[in-house]
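Asker: Input file: start09.cif. Contents: mmCIF, N, CA, C and O atoms.
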```
data_entry
loop_
_atom_site.label_atom_id
_atom_site.label_comp_id
_atom_site.auth_asym_id
_atom_site.auth_seq_id
_atom_site.Cartn_x
_atom_site.Cartn_y
_atom_site.Cartn_z
N MET A 1 -31.38 3.55 13.51
CA MET A 1 -31.67 2.36 12.75
C MET A 1 -32.39 2.67 11.43
O MET A 1 -32.55 1.78 10.63
N LEU A 2 -32.78 3.91 11.22
CA LEU A 2 -33.46 4.23 9.97
C LEU A 2 -32.53 4.09 8.77
O LEU A 2 -32.96 3.75 7.68
N HIS A 3 -31.24 4.34 8.97
CA HIS A 3 -30.27 4.31 7.87
C HIS A 3 -29.30 3.14 8.01
O HIS A 3 -28.19 3.20 7.51
N GLY A 4 -29.67 2.08 8.67
CA GLY A 4 -28.81 0.91 8.83
C GLY A 4 -27.99 0.99 10.10
O GLY A 4 -28.15 1.89 10.93
N PHE A 5 -27.12 0.03 10.26
CA PHE A 5 -26.28 -0.01 11.44
C PHE A 5 -25.26 1.12 11.40
O PHE A 5 -24.71 1.44 10.35
N SER A 6 -25.02 1.71 12.55
CA SER A 6 -24.01 2.76 12.60
C SER A 6 -22.63 2.12 12.67
O SER A 6 -22.44 1.07 13.25
N ASN A 7 -21.68 2.77 12.06
CA ASN A 7 -20.31 2.28 12.05
C ASN A 7 -19.61 2.80 13.29
O ASN A 7 -19.45 4.00 13.47
N VAL A 8 -19.20 1.90 14.15
CA VAL A 8 -18.55 2.31 15.39
C VAL A 8 -17.22 2.97 15.11
O VAL A 8 -16.84 3.94 15.75
N ARG A 9 -16.51 2.48 14.10
CA ARG A 9 -15.19 3.04 13.79
C ARG A 9 -15.29 4.50 13.35
O ARG A 9 -14.41 5.30 13.62
N SER A 10 -16.37 4.86 12.66
CA SER A 10 -16.50 6.25 12.22
C SER A 10 -16.81 7.18 13.39
O SER A 10 -16.54 8.37 13.32
N ASP A 11 -17.37 6.62 14.47
CA ASP A 11 -17.64 7.45 15.64
C ASP A 11 -16.38 7.72 16.46
O ASP A 11 -16.33 8.70 17.21
N LEU A 12 -15.37 6.89 16.32
CA LEU A 12 -14.13 7.08 17.05
C LEU A 12 -13.31 8.17 16.37
O LEU A 12 -13.21 8.21 15.15
N THR A 13 -12.70 9.02 17.13
CA THR A 13 -11.93 10.10 16.53
C THR A 13 -10.43 9.84 16.57
O THR A 13 -9.72 10.24 15.68
N SER A 14 -9.94 9.21 17.60
CA SER A 14 -8.50 9.02 17.70
C SER A 14 -8.12 7.63 17.21
O SER A 14 -8.79 6.64 17.50
N THR A 15 -7.07 7.54 16.43
CA THR A 15 -6.53 6.27 15.96
C THR A 15 -5.08 6.19 16.38
O THR A 15 -4.46 7.18 16.77
N HIS A 16 -4.55 5.03 16.29
CA HIS A 16 -3.15 4.85 16.66
C HIS A 16 -2.26 5.52 15.63
O HIS A 16 -2.58 5.59 14.45
N SER A 17 -1.13 6.01 16.07
CA SER A 17 -0.26 6.77 15.18
C SER A 17 0.36 5.90 14.09
O SER A 17 0.74 6.40 13.03
N LEU A 18 0.46 4.61 14.30
CA LEU A 18 1.05 3.72 13.30
C LEU A 18 0.05 3.19 12.28
O LEU A 18 0.44 2.54 11.31
N GLU A 19 -1.23 3.45 12.48
CA GLU A 19 -2.24 2.89 11.59
C GLU A 19 -2.07 3.39 10.16
O GLU A 19 -2.11 2.61 9.21
N HIS A 20 -1.86 4.69 10.00
CA HIS A 20 -1.68 5.25 8.66
C HIS A 20 -0.39 4.70 8.03
O HIS A 20 -0.36 4.38 6.84
N SER A 21 0.65 4.57 8.82
CA SER A 21 1.91 4.06 8.31
C SER A 21 1.78 2.61 7.85
O SER A 21 2.34 2.22 6.83
N GLU A 22 1.05 1.81 8.60
CA GLU A 22 0.87 0.41 8.22
C GLU A 22 0.01 0.26 6.97
O GLU A 22 0.24 -0.63 6.17
N LYS A 23 -0.98 1.14 6.80
CA LYS A 23 -1.81 1.08 5.59
C LYS A 23 -1.00 1.44 4.35
O LYS A 23 -1.27 0.95 3.26
N GLN A 24 -0.03 2.32 4.51
CA GLN A 24 0.78 2.79 3.39
C GLN A 24 2.12 2.09 3.29
O GLN A 24 3.02 2.56 2.60
N TRP A 25 2.29 0.92 3.96
CA TRP A 25 3.59 0.28 4.03
C TRP A 25 4.11 -0.14 2.67
O TRP A 25 5.28 0.09 2.34
N VAL A 26 3.28 -0.73 1.84
CA VAL A 26 3.72 -1.21 0.53
C VAL A 26 4.14 -0.03 -0.35
O VAL A 26 5.18 -0.07 -1.01
N THR A 27 3.37 1.04 -0.33
CA THR A 27 3.70 2.22 -1.12
C THR A 27 4.99 2.85 -0.64
O THR A 27 5.86 3.22 -1.45
N ASN A 28 5.16 2.96 0.68
CA ASN A 28 6.40 3.52 1.22
C ASN A 28 7.60 2.65 0.87
O ASN A 28 8.68 3.16 0.55
N GLN A 29 7.43 1.35 0.93
CA GLN A 29 8.52 0.42 0.58
C GLN A 29 8.91 0.58 -0.88
O GLN A 29 10.10 0.59 -1.21
N GLN A 30 7.93 0.70 -1.77
CA GLN A 30 8.23 0.89 -3.19
C GLN A 30 8.96 2.21 -3.42
O GLN A 30 9.91 2.26 -4.22
N GLN A 31 8.53 3.26 -2.74
CA GLN A 31 9.20 4.55 -2.91
C GLN A 31 10.65 4.50 -2.43
O GLN A 31 11.54 5.08 -3.05
N MET A 32 10.89 3.79 -1.32
CA MET A 32 12.27 3.65 -0.84
C MET A 32 13.10 2.83 -1.82
O MET A 32 14.27 3.15 -2.07
N ASP A 33 12.52 1.78 -2.39
CA ASP A 33 13.24 0.97 -3.37
C ASP A 33 13.57 1.79 -4.61
O ASP A 33 14.68 1.70 -5.15
N TYR A 34 12.62 2.58 -5.08
CA TYR A 34 12.87 3.44 -6.25
C TYR A 34 13.96 4.46 -5.96
O TYR A 34 14.81 4.72 -6.81
N ALA A 35 13.94 5.05 -4.78
CA ALA A 35 14.96 6.03 -4.42
C ALA A 35 16.34 5.39 -4.35
O ALA A 35 17.34 5.96 -4.82
N MET A 36 16.42 4.18 -3.79
CA MET A 36 17.70 3.49 -3.71
C MET A 36 18.21 3.13 -5.11
O MET A 36 19.39 3.29 -5.41
N LEU A 37 17.32 2.64 -5.97
CA LEU A 37 17.72 2.34 -7.34
C LEU A 37 18.17 3.58 -8.09
O LEU A 37 19.14 3.54 -8.85
N ARG A 38 17.47 4.69 -7.88
CA ARG A 38 17.83 5.93 -8.55
C ARG A 38 19.21 6.40 -8.11
O ARG A 38 20.01 6.86 -8.92
N ASN A 39 19.52 6.25 -6.83
CA ASN A 39 20.83 6.68 -6.34
C ASN A 39 21.95 5.75 -6.81
O ASN A 39 23.07 6.21 -7.05
N MET A 40 21.67 4.45 -6.92
CA MET A 40 22.72 3.50 -7.27
C MET A 40 22.89 3.33 -8.78
O MET A 40 24.02 3.24 -9.27
N GLN A 41 21.79 3.28 -9.54
CA GLN A 41 21.89 2.94 -10.95
C GLN A 41 21.46 4.06 -11.90
O GLN A 41 21.60 3.92 -13.10
N GLY A 42 20.89 5.11 -11.38
CA GLY A 42 20.43 6.19 -12.24
C GLY A 42 18.91 6.16 -12.39
O GLY A 42 18.22 5.27 -11.88
N ILE A 43 18.40 7.14 -13.12
CA ILE A 43 16.96 7.32 -13.23
C ILE A 43 16.30 6.23 -14.08
O ILE A 43 15.11 5.96 -13.94
N HIS A 44 17.06 5.57 -14.94
CA HIS A 44 16.47 4.59 -15.85
C HIS A 44 15.94 3.36 -15.11
O HIS A 44 14.95 2.76 -15.53
N ALA A 45 16.57 2.95 -14.02
CA ALA A 45 16.17 1.72 -13.33
C ALA A 45 14.77 1.82 -12.71
O ALA A 45 13.93 0.95 -12.95
N PRO A 46 14.47 2.86 -11.92
CA PRO A 46 13.11 2.93 -11.39
C PRO A 46 12.06 3.18 -12.47
O PRO A 46 10.93 2.67 -12.38
N LEU A 47 12.41 3.92 -13.51
CA LEU A 47 11.46 4.15 -14.60
C LEU A 47 11.15 2.84 -15.33
O LEU A 47 9.99 2.58 -15.68
N ARG A 48 12.17 2.01 -15.53
CA ARG A 48 11.94 0.73 -16.20
C ARG A 48 11.05 -0.17 -15.35
O ARG A 48 10.13 -0.82 -15.86
N LEU A 49 11.30 -0.22 -14.04
CA LEU A 49 10.46 -1.03 -13.16
C LEU A 49 9.02 -0.53 -13.15
O LEU A 49 8.08 -1.33 -13.16
N GLN A 50 8.83 0.77 -13.13
CA GLN A 50 7.48 1.32 -13.15
C GLN A 50 6.77 0.99 -14.45
O GLN A 50 5.57 0.68 -14.45
N MET A 51 7.49 1.07 -15.58
CA MET A 51 6.88 0.73 -16.86
C MET A 51 6.50 -0.75 -16.91
O MET A 51 5.43 -1.10 -17.42
N GLU A 52 7.36 -1.62 -16.38
CA GLU A 52 7.04 -3.05 -16.36
C GLU A 52 5.82 -3.32 -15.49
O GLU A 52 4.95 -4.11 -15.86
N ARG A 53 5.75 -2.68 -14.33
CA ARG A 53 4.61 -2.89 -13.44
C ARG A 53 3.32 -2.35 -14.05
O ARG A 53 2.26 -2.97 -13.93
N ASN A 54 3.41 -1.19 -14.71
CA ASN A 54 2.20 -0.64 -15.33
C ASN A 54 1.71 -1.53 -16.47
O ASN A 54 0.50 -1.72 -16.64
N SER A 55 2.64 -2.07 -17.27
CA SER A 55 2.20 -2.96 -18.35
C SER A 55 1.66 -4.28 -17.80
O SER A 55 0.75 -4.86 -18.37
N ALA A 56 2.19 -4.75 -16.67
CA ALA A 56 1.68 -5.98 -16.06
C ALA A 56 0.29 -5.76 -15.47
O ALA A 56 -0.52 -6.68 -15.45
N LYS A 57 -0.01 -4.55 -15.01
CA LYS A 57 -1.34 -4.25 -14.47
C LYS A 57 -2.40 -4.24 -15.57
O LYS A 57 -3.56 -4.55 -15.33
N LYS A 58 -1.99 -3.90 -16.79
CA LYS A 58 -2.95 -3.78 -17.89
C LYS A 58 -3.32 -5.13 -18.49
O LYS A 58 -4.33 -5.24 -19.18
N VAL A 59 -2.49 -6.15 -18.26
CA VAL A 59 -2.79 -7.47 -18.80
C VAL A 59 -4.00 -8.02 -18.06
O VAL A 59 -4.06 -8.00 -16.84
N GLY A 60 -4.97 -8.48 -18.80
CA GLY A 60 -6.17 -8.99 -18.15
C GLY A 60 -6.82 -10.08 -18.98
O GLY A 60 -6.34 -10.48 -20.03
N ARG A 61 -7.91 -10.53 -18.48
CA ARG A 61 -8.70 -11.55 -19.15
C ARG A 61 -10.04 -10.96 -19.52
O ARG A 61 -10.29 -9.77 -19.35
N LEU A 62 -10.91 -11.82 -20.00
CA LEU A 62 -12.27 -11.38 -20.26
C LEU A 62 -12.91 -10.93 -18.96
O LEU A 62 -12.53 -11.39 -17.88
N PRO A 63 -13.89 -10.04 -19.01
CA PRO A 63 -14.48 -9.53 -17.78
C PRO A 63 -15.17 -10.59 -16.93
O PRO A 63 -15.36 -10.39 -15.75
N CYS A 64 -15.50 -11.72 -17.51
CA CYS A 64 -16.18 -12.76 -16.73
C CYS A 64 -15.19 -13.65 -16.00
O CYS A 64 -15.58 -14.44 -15.15
N LEU A 65 -13.90 -13.55 -16.29
CA LEU A 65 -12.89 -14.39 -15.66
C LEU A 65 -12.02 -13.54 -14.74
O LEU A 65 -11.63 -12.43 -15.08
N HIS A 66 -11.69 -14.11 -13.60
CA HIS A 66 -10.83 -13.42 -12.65
C HIS A 66 -9.38 -13.59 -13.08
O HIS A 66 -8.94 -14.69 -13.40
N SER A 67 -8.61 -12.52 -13.06
CA SER A 67 -7.21 -12.58 -13.40
C SER A 67 -6.39 -12.78 -12.12
O SER A 67 -6.62 -12.11 -11.12
N SER A 68 -5.44 -13.69 -12.16
CA SER A 68 -4.64 -13.97 -10.98
C SER A 68 -3.48 -13.00 -10.82
O SER A 68 -2.82 -12.99 -9.79
N ASN A 69 -3.18 -12.20 -11.82
CA ASN A 69 -2.10 -11.22 -11.79
C ASN A 69 -0.76 -11.85 -11.44
O ASN A 69 0.02 -11.32 -10.66
N VAL A 70 -0.46 -12.99 -12.05
CA VAL A 70 0.79 -13.69 -11.78
C VAL A 70 1.98 -12.84 -12.18
O VAL A 70 2.98 -12.77 -11.47
N MET A 71 1.89 -12.17 -13.31
CA MET A 71 3.01 -11.36 -13.79
C MET A 71 3.30 -10.21 -12.83
O MET A 71 4.46 -9.97 -12.48
N LEU A 72 2.27 -9.53 -12.37
CA LEU A 72 2.47 -8.42 -11.45
C LEU A 72 2.97 -8.92 -10.10
O LEU A 72 3.86 -8.31 -9.49
N ASP A 73 2.44 -10.03 -9.61
CA ASP A 73 2.90 -10.59 -8.35
C ASP A 73 4.36 -11.00 -8.42
O ASP A 73 5.11 -10.84 -7.45
N THR A 74 4.79 -11.51 -9.56
CA THR A 74 6.18 -11.90 -9.71
C THR A 74 7.09 -10.69 -9.74
O THR A 74 8.17 -10.69 -9.13
N LEU A 75 6.66 -9.62 -10.42
CA LEU A 75 7.48 -8.41 -10.48
C LEU A 75 7.60 -7.72 -9.13
O LEU A 75 8.64 -7.16 -8.80
N THR A 76 6.54 -7.76 -8.34
CA THR A 76 6.56 -7.08 -7.04
C THR A 76 7.06 -7.97 -5.91
O THR A 76 7.27 -7.48 -4.80
N GLY A 77 7.23 -9.27 -6.17
CA GLY A 77 7.68 -10.17 -5.13
C GLY A 77 6.57 -10.68 -4.24
O GLY A 77 6.83 -11.33 -3.22
N MET A 78 5.32 -10.41 -4.60
CA MET A 78 4.19 -10.86 -3.79
C MET A 78 3.85 -12.33 -4.03
O MET A 78 3.00 -12.88 -3.35
N ASP A 79 4.54 -12.97 -4.99
CA ASP A 79 4.27 -14.39 -5.24
C ASP A 79 4.88 -15.28 -4.17
O ASP A 79 4.55 -16.45 -4.07
N GLU A 80 5.76 -14.73 -3.34
CA GLU A 80 6.42 -15.51 -2.31
C GLU A 80 5.82 -15.30 -0.93
O GLU A 80 6.34 -15.81 0.05
N THR A 81 4.75 -14.52 -0.83
CA THR A 81 4.15 -14.25 0.47
C THR A 81 2.73 -14.81 0.52
O THR A 81 2.04 -14.89 -0.50
N LEU A 82 2.33 -15.21 1.70
CA LEU A 82 0.96 -15.65 1.93
C LEU A 82 0.21 -14.51 2.58
O LEU A 82 0.67 -13.92 3.55
N ASP A 83 -0.95 -14.21 2.06
CA ASP A 83 -1.75 -13.10 2.52
C ASP A 83 -3.17 -13.60 2.81
O ASP A 83 -3.50 -14.74 2.54
N PHE A 84 -3.99 -12.73 3.36
CA PHE A 84 -5.38 -13.08 3.64
C PHE A 84 -6.10 -13.48 2.37
O PHE A 84 -6.88 -14.43 2.35
N GLY A 85 -5.83 -12.80 1.28
CA GLY A 85 -6.47 -13.10 0.01
C GLY A 85 -6.04 -14.43 -0.59
O GLY A 85 -6.73 -15.00 -1.42
N ASN A 86 -4.87 -14.94 -0.19
CA ASN A 86 -4.42 -16.24 -0.68
C ASN A 86 -5.15 -17.38 0.02
O ASN A 86 -5.38 -18.43 -0.57
N VAL A 87 -5.48 -17.19 1.29
CA VAL A 87 -6.12 -18.25 2.05
C VAL A 87 -7.63 -18.23 1.84
O VAL A 87 -8.24 -19.24 1.53
N LEU A 88 -8.22 -17.07 2.00
CA LEU A 88 -9.66 -16.91 1.79
C LEU A 88 -9.88 -16.03 0.56
O LEU A 88 -9.13 -15.09 0.33
N ASN A 89 -10.87 -16.31 -0.20
CA ASN A 89 -11.15 -15.50 -1.38
C ASN A 89 -11.51 -14.09 -0.99
O ASN A 89 -12.16 -13.84 0.02
N ALA A 90 -11.07 -13.17 -1.80
CA ALA A 90 -11.45 -11.78 -1.59
C ALA A 90 -12.93 -11.62 -1.95
O ALA A 90 -13.44 -12.32 -2.83
N PRO A 91 -13.64 -10.70 -1.28
CA PRO A 91 -15.06 -10.53 -1.59
C PRO A 91 -15.30 -10.06 -3.02
O PRO A 91 -16.37 -10.26 -3.58
N SER A 92 -14.29 -9.46 -3.65
CA SER A 92 -14.47 -8.98 -5.02
C SER A 92 -14.33 -10.10 -6.05
O SER A 92 -14.56 -9.89 -7.23
N ASP A 93 -13.94 -11.31 -5.61
CA ASP A 93 -13.78 -12.44 -6.52
C ASP A 93 -14.82 -13.50 -6.23
O ASP A 93 -14.54 -14.51 -5.61
N PRO A 94 -16.04 -13.31 -6.69
CA PRO A 94 -17.06 -14.32 -6.39
C PRO A 94 -16.85 -15.59 -7.21
O PRO A 94 -16.24 -15.56 -8.28
N GLU A 95 -17.32 -16.68 -6.68
CA GLU A 95 -17.22 -17.95 -7.40
C GLU A 95 -18.38 -18.17 -8.35
O GLU A 95 -18.43 -19.17 -9.05
N VAL A 96 -19.32 -17.27 -8.38
CA VAL A 96 -20.48 -17.39 -9.23
C VAL A 96 -20.09 -16.96 -10.65
O VAL A 96 -19.50 -15.91 -10.85
N THR A 97 -20.39 -17.79 -11.61
CA THR A 97 -20.10 -17.44 -12.99
C THR A 97 -21.40 -17.04 -13.68
O THR A 97 -22.48 -17.42 -13.28
N SER A 98 -21.25 -16.26 -14.70
CA SER A 98 -22.42 -15.83 -15.45
C SER A 98 -22.11 -16.05 -16.94
O SER A 98 -21.10 -16.63 -17.30
N GLN A 99 -22.97 -15.56 -17.77
CA GLN A 99 -22.81 -15.77 -19.20
C GLN A 99 -21.75 -14.82 -19.75
O GLN A 99 -21.92 -13.59 -19.69
N PRO A 100 -20.65 -15.34 -20.27
CA PRO A 100 -19.56 -14.48 -20.73
C PRO A 100 -19.95 -13.55 -21.87
O PRO A 100 -19.50 -12.40 -21.93
N HIS A 101 -20.80 -14.03 -22.78
CA HIS A 101 -21.19 -13.18 -23.92
C HIS A 101 -21.99 -11.96 -23.45
O HIS A 101 -21.82 -10.86 -23.99
N MET A 102 -22.83 -12.16 -22.46
CA MET A 102 -23.62 -11.04 -21.93
C MET A 102 -22.70 -10.00 -21.26
O MET A 102 -22.92 -8.80 -21.41
N ILE A 103 -21.72 -10.45 -20.54
CA ILE A 103 -20.82 -9.53 -19.83
C ILE A 103 -19.99 -8.74 -20.84
O ILE A 103 -19.82 -7.52 -20.68
N VAL A 104 -19.46 -9.39 -21.85
CA VAL A 104 -18.65 -8.69 -22.87
C VAL A 104 -19.53 -7.70 -23.63
O VAL A 104 -19.12 -6.57 -23.91
N ASP A 105 -20.75 -8.09 -23.99
CA ASP A 105 -21.65 -7.18 -24.69
C ASP A 105 -22.00 -5.98 -23.82
O ASP A 105 -22.07 -4.84 -24.33
N LYS A 106 -22.19 -6.19 -22.54
CA LYS A 106 -22.50 -5.07 -21.64
C LYS A 106 -21.29 -4.14 -21.53
O LYS A 106 -21.44 -2.92 -21.50
N ARG A 107 -20.08 -4.72 -21.45
CA ARG A 107 -18.88 -3.90 -21.35
C ARG A 107 -18.68 -3.05 -22.61
O ARG A 107 -18.29 -1.90 -22.56
N ASP A 108 -18.97 -3.65 -23.76
CA ASP A 108 -18.80 -2.95 -25.03
C ASP A 108 -19.92 -2.00 -25.36
O ASP A 108 -19.86 -1.28 -26.35
N GLY A 109 -20.99 -2.00 -24.55
CA GLY A 109 -22.10 -1.08 -24.77
C GLY A 109 -23.12 -1.57 -25.79
O GLY A 109 -23.90 -0.77 -26.31
N ILE A 110 -23.09 -2.83 -26.11
CA ILE A 110 -24.03 -3.37 -27.09
C ILE A 110 -25.40 -3.54 -26.46
O ILE A 110 -26.42 -3.30 -27.09
N LEU A 111 -25.42 -3.97 -25.20
CA LEU A 111 -26.71 -4.15 -24.51
C LEU A 111 -27.10 -2.90 -23.75
O LEU A 111 -26.38 -2.21 -23.18
#
```
Written as structure tokens, how would this file's structure read?
Answerer:
Amino acid sequence: MLHGFSNVRSDLTSTHSLEHSEKQWVTNQQQMDYAMLRNMQGIHAPLRLQMERNSAKKVGRLPCLHSSNVMLDTLTGMDETLDFGNVLNAPSDPEVTSQPHMIVDKRDGIL
């Protein structure tokens, strides 16, 4: 108890064999889609999709506003699925707002 609660999961050594596969499902699915596109249409198709996704990831708002990533969700097809983050807010998206000028100044290194 000196260092907080112990994590029970870290004490366990064996995990189910599908756990790693399920955590990497989206990445594996994208890799399979890229491979299929490369075989059917050539190398330009997966490269174009990757460039579109990378440019959609870079689009953002001011640091004080949460970005919904509509463009990226539309490109990846995640706009048609309901997930835990759609029903309940993610812990990284607090509803507390702060002063936008202070946040931008801190990001730019002025403060």
Asker: For atom CA of A:Lys23 and atom CA of A:Met78, determine how far apart the two atoms are, in Å to one decimal place.
Answerer: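 Atom CA of A:Lys23 sits 16.3 Å away from atom CA of A:Met78.
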Asker: If DSSP is run on the backbone, what residues of stretch 26-99 of chain A are helix (DSSP H, G or I)? A reply as an MDAnalysis selection string would be ideal.
Answerer: chainID A and resid 26:41 44:58 70:76 78:80 84:87
Asker: Quick check, in Å to one decimal: how far apart do atom O of A:Thr27 and atom N of A:Thr76 lie?
Answerer: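 Result for atom O of A:Thr27 versus atom N of A:Thr76: 13.0 Å, one decimal.
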Asker: Of the residues A:Met36, A:Leu75, A:Leu82, A:Met102, which is the one nearest to A:Leu49, using only C-alpha atoms?
Answerer: A:Leu75
Asker: Which residues, protein or nucleic acid, reach to within 6 Å of (-14.2, -15.4, -20.5) in the file's coordinates when using all atoms listed in the file, and can you give that as a count of residues only?
Answerer: 5
Asker: For atom CA of A:Lys57 and atom CA of A:Leu72, determine how far apart the two atoms are, in Å to one decimal place.
Answerer: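 Answer for the atom CA of A:Lys57 to atom CA of A:Leu72 separation: 6.4 Å.
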Asker: Looking at A:Leu18, A:Leu47, A:Ala56, A:Gly109, which one is nearest to A:Gln31, with distances taken over only C-alpha atoms?
Answerer: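 Closest candidate: A:Leu47.
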Asker: Only N, CA, C and O atoms, please: stretch 15-26 of chain A from the block, as a JSON list (two decimals), in the first residue's frame.
Answerer:
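Once everything was written out, this is out24.json:
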```json
[["chain", "number", "residue", "atom", "x", "y", "z"],
["A", 15, "THR", "N", -2.20, -14.92, -20.45],
["A", 15, "THR", "CA", -3.35, -14.27, -21.04],
["A", 15, "THR", "C", -3.91, -15.18, -22.12],
["A", 15, "THR", "O", -3.25, -16.12, -22.56],
["A", 16, "HIS", "N", -5.08, -14.89, -22.54],
["A", 16, "HIS", "CA", -5.69, -15.69, -23.59],
["A", 16, "HIS", "C", -4.97, -15.44, -24.90],
["A", 16, "HIS", "O", -4.48, -14.35, -25.17],
["A", 17, "SER", "N", -4.92, -16.45, -25.74],
["A", 17, "SER", "CA", -4.17, -16.34, -26.98],
["A", 17, "SER", "C", -4.79, -15.35, -27.96],
["A", 17, "SER", "O", -4.11, -14.81, -28.83],
["A", 18, "LEU", "N", -6.08, -15.08, -27.85],
["A", 18, "LEU", "CA", -6.74, -14.15, -28.76],
["A", 18, "LEU", "C", -6.69, -12.70, -28.31],
["A", 18, "LEU", "O", -7.09, -11.81, -29.05],
["A", 19, "GLU", "N", -6.20, -12.45, -27.10],
["A", 19, "GLU", "CA", -6.21, -11.09, -26.57],
["A", 19, "GLU", "C", -5.36, -10.15, -27.42],
["A", 19, "GLU", "O", -5.79, -9.05, -27.77],
["A", 20, "HIS", "N", -4.17, -10.58, -27.79],
["A", 20, "HIS", "CA", -3.30, -9.75, -28.62],
["A", 20, "HIS", "C", -3.92, -9.53, -30.00],
["A", 20, "HIS", "O", -3.87, -8.43, -30.55],
["A", 21, "SER", "N", -4.52, -10.57, -30.54],
["A", 21, "SER", "CA", -5.15, -10.46, -31.85],
["A", 21, "SER", "C", -6.32, -9.48, -31.83],
["A", 21, "SER", "O", -6.51, -8.71, -32.77],
["A", 22, "GLU", "N", -7.11, -9.51, -30.78],
["A", 22, "GLU", "CA", -8.24, -8.60, -30.68],
["A", 22, "GLU", "C", -7.81, -7.16, -30.49],
["A", 22, "GLU", "O", -8.45, -6.24, -30.99],
["A", 23, "LYS", "N", -6.71, -6.94, -29.77],
["A", 23, "LYS", "CA", -6.21, -5.58, -29.58],
["A", 23, "LYS", "C", -5.69, -5.00, -30.90],
["A", 23, "LYS", "O", -5.76, -3.80, -31.12],
["A", 24, "GLN", "N", -5.16, -5.85, -31.76],
["A", 24, "GLN", "CA", -4.59, -5.41, -33.02],
["A", 24, "GLN", "C", -5.53, -5.61, -34.20],
["A", 24, "GLN", "O", -5.11, -5.57, -35.35],
["A", 25, "TRP", "N", -6.85, -5.81, -33.94],
["A", 25, "TRP", "CA", -7.77, -6.15, -35.01],
["A", 25, "TRP", "C", -7.88, -5.06, -36.07],
["A", 25, "TRP", "O", -7.85, -5.34, -37.27],
["A", 26, "VAL", "N", -7.98, -3.81, -35.66],
["A", 26, "VAL", "CA", -8.14, -2.71, -36.62],
["A", 26, "VAL", "C", -6.89, -2.59, -37.49],
["A", 26, "VAL", "O", -6.98, -2.44, -38.72]]
```
